[in-house]
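Colleague: For reference, the file structure20.cif (mmCIF, C-alpha atoms and all ligand atoms) is included below:
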data_model
#
loop_
_atom_site.label_atom_id
_atom_site.label_comp_id
_atom_site.auth_asym_id
_atom_site.auth_seq_id
_atom_site.Cartn_x
_atom_site.Cartn_y
_atom_site.Cartn_z
CA MET A 1 0.00 0.00 0.00
CA THR A 2 1.13 3.49 -0.59
CA ALA A 3 0.03 7.00 0.21
CA GLY A 4 0.19 10.40 -1.38
CA ILE A 5 0.24 13.37 0.92
CA ARG A 6 -0.38 17.02 0.31
CA THR A 7 -0.50 20.12 2.44
CA GLU A 8 -2.08 23.45 1.62
CA SER A 9 -0.84 26.60 3.34
CA LEU A 10 -0.16 24.71 6.53
CA THR A 11 0.60 27.06 9.40
CA LYS A 12 1.44 26.26 12.99
CA GLN A 13 1.71 28.82 15.73
CA PHE A 14 2.45 27.54 19.21
CA ALA A 15 0.82 29.01 22.31
CA ASN A 16 4.08 30.78 23.16
CA GLY A 17 3.78 32.79 19.92
CA VAL A 18 6.41 30.88 17.92
CA THR A 19 5.32 30.35 14.32
CA ALA A 20 6.92 27.00 13.49
CA LEU A 21 5.32 26.64 10.04
CA ARG A 22 4.11 29.33 7.68
CA ASP A 23 2.09 28.60 4.53
CA VAL A 24 3.69 25.24 3.86
CA SER A 25 2.31 23.67 0.68
CA ILE A 26 3.95 20.44 -0.40
CA THR A 27 2.97 17.36 -2.38
CA ILE A 28 4.50 13.93 -2.00
CA ALA A 29 3.48 11.34 -4.58
CA PRO A 30 2.59 7.76 -3.64
CA GLY A 31 5.75 5.68 -3.32
CA GLU A 32 8.17 8.61 -3.19
CA PHE A 33 11.15 8.67 -0.83
CA VAL A 34 11.62 12.29 0.19
CA ALA A 35 14.23 13.90 2.44
CA LEU A 36 13.12 16.79 4.64
CA ILE A 37 16.09 19.00 5.47
CA GLY A 38 16.68 22.31 7.21
CA ARG A 39 18.46 23.73 10.22
CA SER A 40 17.51 22.92 13.76
CA GLY A 41 14.34 24.87 14.61
CA SER A 42 13.20 25.22 10.99
CA GLY A 43 9.95 23.32 11.63
CA LYS A 44 10.78 19.82 10.38
CA SER A 45 9.46 17.90 13.40
CA THR A 46 6.38 20.11 13.59
CA LEU A 47 5.55 19.30 9.97
CA MET A 48 6.10 15.56 10.52
CA ASN A 49 3.94 15.57 13.65
CA ILE A 50 1.08 17.32 11.89
CA MET A 51 1.25 14.96 8.91
CA GLY A 52 1.17 11.95 11.20
CA GLY A 53 -1.72 13.20 13.32
CA LEU A 54 0.39 13.78 16.45
CA ASP A 55 -0.20 17.53 16.36
CA THR A 56 -2.75 19.87 14.78
CA PRO A 57 -2.21 22.88 12.50
CA THR A 58 -3.36 26.40 13.33
CA ALA A 59 -4.41 27.03 9.71
CA GLY A 60 -4.33 25.30 6.35
CA SER A 61 -5.06 21.70 5.46
CA ALA A 62 -3.43 18.34 4.94
CA TYR A 63 -4.61 15.51 2.72
CA PHE A 64 -3.78 11.85 3.14
CA ASP A 65 -4.50 9.62 0.14
CA GLY A 66 -6.65 12.45 -1.18
CA GLU A 67 -8.73 12.59 1.99
CA LYS A 68 -8.67 15.82 3.96
CA ILE A 69 -7.55 15.18 7.52
CA ASP A 70 -10.12 16.48 9.98
CA TYR A 71 -7.95 17.50 12.94
CA LYS A 72 -11.04 17.92 15.14
CA ASP A 73 -11.95 14.25 14.73
CA ARG A 74 -9.83 12.63 17.45
CA LYS A 75 -11.00 9.11 16.63
CA ARG A 76 -9.98 9.58 13.01
CA LEU A 77 -6.53 10.81 14.12
CA ILE A 78 -6.08 7.69 16.24
CA VAL A 79 -6.91 5.51 13.22
CA LEU A 80 -4.44 7.51 11.13
CA ARG A 81 -1.68 7.01 13.71
CA ARG A 82 -2.40 3.33 14.32
CA THR A 83 -3.08 2.02 10.86
CA GLN A 84 -1.89 4.40 8.18
CA VAL A 85 1.33 5.98 9.41
CA GLY A 86 4.47 4.42 10.89
CA PHE A 87 6.82 6.56 12.98
CA VAL A 88 10.58 6.18 13.42
CA PHE A 89 12.35 8.47 15.86
CA GLN A 90 15.96 9.42 16.59
CA GLN A 91 15.74 7.86 20.08
CA PHE A 92 14.36 4.50 18.78
CA ASN A 93 11.69 4.57 21.56
CA LEU A 94 11.74 0.80 22.13
CA LEU A 95 10.21 -0.53 25.32
CA PRO A 96 13.23 -1.59 27.42
CA THR A 97 11.64 -4.62 29.10
CA LEU A 98 10.31 -6.18 25.88
CA THR A 99 12.35 -8.29 23.45
CA ALA A 100 12.90 -7.23 19.85
CA ARG A 101 10.06 -9.49 18.74
CA GLU A 102 7.70 -8.18 21.44
CA ASN A 103 8.56 -4.58 20.55
CA VAL A 104 7.73 -5.20 16.90
CA ALA A 105 4.45 -6.95 17.77
CA TYR A 106 3.45 -4.35 20.38
CA PRO A 107 1.29 -2.05 18.18
CA LEU A 108 -0.82 -5.07 17.18
CA LEU A 109 -2.04 -5.44 20.77
CA PHE A 110 -4.27 -2.45 20.09
CA ASN A 111 -5.73 -4.02 16.95
CA TYR A 112 -6.84 -7.21 18.75
CA THR A 113 -4.59 -9.33 16.55
CA PRO A 114 -4.33 -12.93 17.87
CA ARG A 115 -1.04 -13.81 19.57
CA MET A 116 0.02 -16.38 16.98
CA GLU A 117 -0.47 -13.92 14.14
CA ARG A 118 1.45 -11.22 16.04
CA ASP A 119 4.42 -13.55 16.52
CA VAL A 120 4.50 -14.67 12.90
CA LEU A 121 4.27 -11.13 11.57
CA ALA A 122 6.91 -9.82 13.99
CA MET A 123 9.33 -12.57 12.95
CA ARG A 124 8.70 -11.89 9.28
CA LEU A 125 9.51 -8.21 9.78
CA LEU A 126 12.58 -8.92 11.91
CA THR A 127 13.77 -11.14 9.05
CA LEU A 128 13.12 -8.31 6.59
CA VAL A 129 15.38 -6.00 8.61
CA GLY A 130 18.02 -8.75 9.04
CA LEU A 131 17.49 -9.37 12.76
CA GLU A 132 15.81 -12.78 12.93
CA LYS A 133 18.69 -14.04 15.11
CA ARG A 134 18.16 -11.21 17.61
CA ALA A 135 14.42 -11.73 18.11
CA ASP A 136 14.74 -12.61 21.80
CA HIS A 137 17.23 -9.89 22.72
CA LEU A 138 16.27 -6.92 24.84
CA PRO A 139 16.99 -3.44 23.44
CA HIS A 140 20.07 -2.94 25.67
CA GLN A 141 21.57 -6.10 24.18
CA LEU A 142 21.43 -4.57 20.69
CA SER A 143 23.62 -1.96 18.99
CA GLY A 144 22.12 1.43 18.08
CA GLY A 145 21.80 0.42 14.43
CA GLU A 146 20.08 -2.82 15.42
CA GLN A 147 17.69 -0.99 17.73
CA GLN A 148 16.73 1.34 14.92
CA ARG A 149 16.12 -1.66 12.65
CA VAL A 150 13.76 -3.07 15.29
CA ALA A 151 12.01 0.32 15.39
CA ILE A 152 11.64 0.25 11.59
CA ALA A 153 10.15 -3.26 11.76
CA ARG A 154 7.73 -2.01 14.44
CA ALA A 155 6.77 0.96 12.24
CA LEU A 156 5.86 -1.49 9.46
CA VAL A 157 3.78 -3.88 11.55
CA SER A 158 0.41 -2.18 11.00
CA ASN A 159 0.90 -2.06 7.24
CA PRO A 160 1.21 1.72 7.03
CA HIS A 161 0.99 3.63 3.77
CA LEU A 162 3.52 6.20 4.93
CA ILE A 163 6.60 6.12 7.13
CA LEU A 164 7.62 9.34 8.87
CA ALA A 165 11.20 9.12 10.14
CA ASP A 166 12.48 12.07 12.20
CA GLU A 167 16.29 12.09 12.20
CA PRO A 168 16.39 8.27 12.30
CA THR A 169 20.18 8.21 12.05
CA GLY A 170 20.86 11.11 14.41
CA ASN A 171 22.25 8.76 17.08
CA LEU A 172 24.17 6.45 14.76
CA ASP A 173 27.70 6.32 13.36
CA SER A 174 28.10 6.89 9.62
CA LYS A 175 28.31 3.20 8.74
CA SER A 176 25.10 2.33 10.60
CA SER A 177 23.43 5.44 9.16
CA ALA A 178 24.15 4.32 5.63
CA GLU A 179 22.81 0.84 6.43
CA ILE A 180 19.60 2.29 7.85
CA TYR A 181 19.12 4.44 4.76
CA GLN A 182 19.71 1.47 2.47
CA LEU A 183 17.20 -0.56 4.46
CA MET A 184 14.55 2.16 4.30
CA ARG A 185 15.15 2.60 0.59
CA HIS A 186 14.84 -1.15 0.07
CA ILE A 187 11.51 -1.22 1.95
CA ASN A 188 10.33 1.78 -0.06
CA GLN A 189 11.14 0.05 -3.35
CA VAL A 190 9.90 -3.43 -2.48
CA GLN A 191 6.76 -2.51 -0.53
CA LYS A 192 6.03 0.81 -2.30
CA ILE A 193 5.57 2.56 1.03
CA THR A 194 5.97 6.34 0.88
CA PHE A 195 8.79 7.74 3.06
CA LEU A 196 9.39 11.21 4.44
CA VAL A 197 12.72 11.29 6.26
CA VAL A 198 14.21 14.18 8.23
CA THR A 199 17.97 14.29 7.96
CA HIS A 200 20.79 16.69 8.77
CA GLU A 201 23.22 14.79 6.64
CA ARG A 202 23.19 16.05 3.10
CA GLU A 203 24.99 13.00 1.81
CA LEU A 204 22.16 10.80 3.06
CA ALA A 205 19.77 12.94 1.08
CA SER A 206 21.41 11.36 -1.98
CA TYR A 207 19.49 8.13 -1.23
CA CYS A 208 16.25 10.04 -1.75
CA ASP A 209 14.14 10.80 -4.81
CA ARG A 210 13.81 14.43 -3.84
CA THR A 211 14.59 16.94 -1.11
CA ILE A 212 12.29 19.46 0.54
CA GLU A 213 14.04 22.18 2.51
CA LEU A 214 12.49 24.25 5.29
CA ARG A 215 13.91 27.55 6.49
CA ASP A 216 12.24 29.37 9.39
CA GLY A 217 9.03 27.43 8.81
CA THR A 218 8.83 28.07 5.07
CA VAL A 219 9.60 25.79 2.14
CA VAL A 220 12.61 27.04 0.20
CA ALA A 221 13.32 24.24 -2.26
N1 LIG A 301 5.58 22.40 21.67
C1 LIG A 301 6.18 23.55 21.31
N2 LIG A 301 5.87 24.71 21.91
C2 LIG A 301 6.45 25.87 21.55
N3 LIG A 301 7.36 26.00 20.56
C3 LIG A 301 7.72 24.87 19.92
C4 LIG A 301 7.17 23.60 20.27
N4 LIG A 301 7.71 22.65 19.46
C5 LIG A 301 8.58 23.31 18.66
N5 LIG A 301 8.59 24.65 18.93
C6 LIG A 301 9.37 25.69 18.23
O1 LIG A 301 8.99 25.65 16.87
C7 LIG A 301 10.12 25.83 16.02
C8 LIG A 301 10.27 24.61 15.13
O2 LIG A 301 10.60 23.48 15.92
P1 LIG A 301 10.79 22.02 15.31
O3 LIG A 301 9.63 21.72 14.42
O4 LIG A 301 11.06 21.11 16.42
O5 LIG A 301 12.09 22.23 14.40
P2 LIG A 301 13.14 21.17 13.83
O6 LIG A 301 12.54 19.81 13.96
O7 LIG A 301 13.36 21.59 12.41
O8 LIG A 301 14.38 21.32 14.65
C9 LIG A 301 11.30 26.05 16.96
O9 LIG A 301 11.48 27.44 17.11
C10 LIG A 301 10.84 25.43 18.24
O10 LIG A 301 11.45 26.03 19.37
MG MG A 302 13.26 18.13 14.92
#
Show me this structure written as structure tokens.
Ligand SMILES: Nc1ncnc2c1ncn2[C@@H]1O[C@H](COP(=O)(O)OP(=O)(O)O)[C@@H](O)[C@H]1O
Ligand SMILES: [Mg+2]

Modeller:
Amino acid sequence: MTAGIRTESLTKQFANGVTALRDVSITIAPGEFVALIGRSGSGKSTLMNIMGGLDTPTAGSAYFDGEKIDYKDRKRLIVLRRTQVGFVFQQFNLLPTLTARENVAYPLLFNYTPRMERDVLAMRLLTLVGLEKRADHLPHQLSGGEQQRVAIARALVSNPHLILADEPTGNLDSKSSAEIYQLMRHINQVQKITFLVVTHERELASYCDRTIELRDGTVVA
């Protein structure tokens, strides 16, 4: 499955008066792999959070698969977050007391998926990211790159149409970073999932189809 996303004059002003996004209009085609770049504070995370239904805009609109996101409909936002979008964060955000396999299967607990099915799917995804031999390891028994691969497998478990990755390699050395990018690109090409990836590293942007740059909350390129 794959998703196209579009924003129209998206603006976000926080309660403290900071305008994090100003008139952001972008289009990402189904199946694209797009890098989102820009200095710290330019609004990248704010844009990702709004697209993934974790935050709401002050003005403007966003469309997911052609459907306008109604940010007042909380139930709809929960469905968006649970079934249509997968998130990958810089800090991995794995649950420390769960094994790699349990972490990957975790989101399925909320979809009432039977245990057997959860296990099979989690193992399939751990195999996809090359970690089938680490399935029973806890996060602290894994390297940073391995933890991020578990997080990517977890992001895929609900069959999302879009993966939003916010500085996924920010805590990794350059070799692991390149491996994570290659893995995401592979998933993008094989499963046709759309990717929007925040990165600081311009060289990693070379793995992408296209780059969108934010400066002070506005799209510059
Ligand atoms: N919850 C918040 N409340 C107030 N200001 C915020 C909040 N989140 C982010 N900001 C501000 O909005 C701007 C954009 O932040 P952010 O989207 O995190 O940028 P980036 O991810 O590009 O570093 C920054 O000036 C930041 O301080
Ligand atoms: Mg950020």

Colleague: Name each residue within 12 Å of ligand MG 302 (chain A), counting all atoms listed in the file, as a list in words.

Modeller: Ala20, Leu36, Ile37, Gly38, Arg39, Ser40, Gly41, Ser42, Gly43, Lys44, Ser45, Thr46, Leu47, Met48, Asn49, Phe89, Gln90, Gln91, Ala165, Asp166, Glu167, Pro168, Gly170, Val197, Val198, Thr199, His200, Leu214 and Gly217 of chain A

Colleague: Between A:Ser177, A:Met116, A:Val34, A:Met51, single out the one closest to Thr7 (chain A), counting all atoms listed in the file.

Modeller: A:Met51

Colleague: With only C-alpha atoms as the counted atoms, please give the residues lying no more than 9 Å from Ile26 (chain A), apart from itself and same-chain residues fewer than 3 positions off, as a list of chain:residue names.

Modeller: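 Within the cut-off, the hits are A:Ile5, A:Arg6, A:Thr7, A:Glu8, A:Ser9, A:Ile212, A:Val219.
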
Colleague: List as a short mmCIF file (atom, residue, chain, number, x, y, z; two decimals) with C-alpha atoms, keeping the file's coordinate frame the protein and nucleic acid residues near Leu94 (chain A), meaning an atom at most 8 Å away when all atoms listed in the file are counted, but skip any in the same chain fewer than 5 places from it.

Modeller:
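out-v4.cif, freshly written:
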data_model
loop_
_atom_site.label_atom_id
_atom_site.label_comp_id
_atom_site.auth_asym_id
_atom_site.auth_seq_id
_atom_site.Cartn_x
_atom_site.Cartn_y
_atom_site.Cartn_z
CA ASN A 103 8.56 -4.58 20.55
CA PRO A 139 16.99 -3.44 23.44
CA GLN A 147 17.69 -0.99 17.73
CA ALA A 151 12.01 0.32 15.39
#

Colleague: Would you work out the distance separating atom N5 of ligand LIG 301 (chain A) from CA of Asp70 (chain A), expressed in Å to one decimal?

Modeller: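 CA of Asp70 (chain A) lies 22.3 Å from atom N5 of ligand LIG 301 (chain A).
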
Colleague: By how many Å are CA of Glu146 (chain A) and CA of Arg81 (chain A) apart?

Modeller: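 Straight-line distance from CA of Glu146 (chain A) to CA of Arg81 (chain A) works out to 23.9 Å.
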
Colleague: Name the closest residue to ligand LIG 301 (chain A) among the candidates A:Arg22, A:His140, A:Lys192, A:Arg74; distances are taken between atoms, counting all atoms listed in the file.

Modeller: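 Checking each of A:Arg22, A:His140, A:Lys192, A:Arg74 against ligand LIG 301 (chain A), counting all atoms listed in the file, the winner is A:Arg22.
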
Colleague: A:Pro57, A:Ile28, A:Leu121, A:Pro96: which is nearest Asn159 (chain A), counting all atoms listed in the file?

Modeller: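 Of A:Pro57, A:Ile28, A:Leu121, A:Pro96, the one nearest Asn159 (chain A), counting all atoms listed in the file, is A:Leu121.
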
Colleague: Separation of atom C8 of ligand LIG 301 (chain A) and CA of Ala62 (chain A), in Å?

Modeller: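 Atom-to-atom, atom C8 of ligand LIG 301 (chain A) and CA of Ala62 (chain A) are spaced 18.2 Å apart.
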
Colleague: Counting all atoms listed in the file, which of A:Arg215, A:Arg82, A:Gly144, A:Leu183 gets nearest to ligand LIG 301 (chain A)?

Modeller: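 Closest candidate: A:Arg215.
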
Colleague: Restricting the calculation to only C-alpha atoms and all ligand atoms: of A:Thr19, A:Thr127, A:Thr99, A:Thr11, which residue gets closest to ligand LIG 301 (chain A)?

Modeller: A:Thr19

Colleague: Please determine, counting all atoms listed in the file, which residue among A:Gln84, A:Asn16, A:Thr56, A:Ser61 has the shortest atom-to-atom distance to ligand LIG 301 (chain A).

Modeller: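 Using all atoms listed in the file, the shortest distance to ligand LIG 301 (chain A) belongs to A:Asn16.
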
Colleague: Which residues, written as an MDAnalysis selection string, have at least one atom at most 7 Å from Gly145 (chain A), with only C-alpha atoms counted and residues fewer than 4 positions away on the same chain left out?

Modeller: chainID A and resid 149 172 176

Colleague: Those residues you just picked out, can you put them in a file as a CSV table (one decimal), keeping the file's coordinate frame with C-alpha atoms?

Modeller:
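Okay, selection_18.csv is ready:
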chain,number,residue,atom,x,y,z
A,149,ARG,CA,16.1,-1.7,12.6
A,172,LEU,CA,24.2,6.4,14.8
A,176,SER,CA,25.1,2.3,10.6

Colleague: Could you give me, as a ChimeraX atom specification, the residues that have an atom at most 9 Å away from the point (4.6, 7.6, 6.4) in the coordinates of the file, using only C-alpha atoms?

Modeller: /A:2-3,51-52,84-87,160-165,193-197

Colleague: Let me have the centre and edge lengths in Å, one decimal, of the box along x, y and z around every listed atom of ligand LIG 301 (chain A) with 6 Å of margin on each side, as lines of an AutoDock Vina configuration file.

Modeller:
center_x = 10.0
center_y = 23.6
center_z = 17.2
size_x = 20.8
size_y = 19.6
size_z = 21.5

Colleague: Leaving out Arg124 (chain A) and any residue of its chain fewer than 4 positions from it, which residues lie within 12 Å of it when counting only C-alpha atoms, given as JSON, numbers by chain?

Modeller: {"A": [101, 104, 105, 117, 118, 119, 120, 128, 129, 130, 131, 132, 133, 135, 150, 153, 154, 156, 157]}
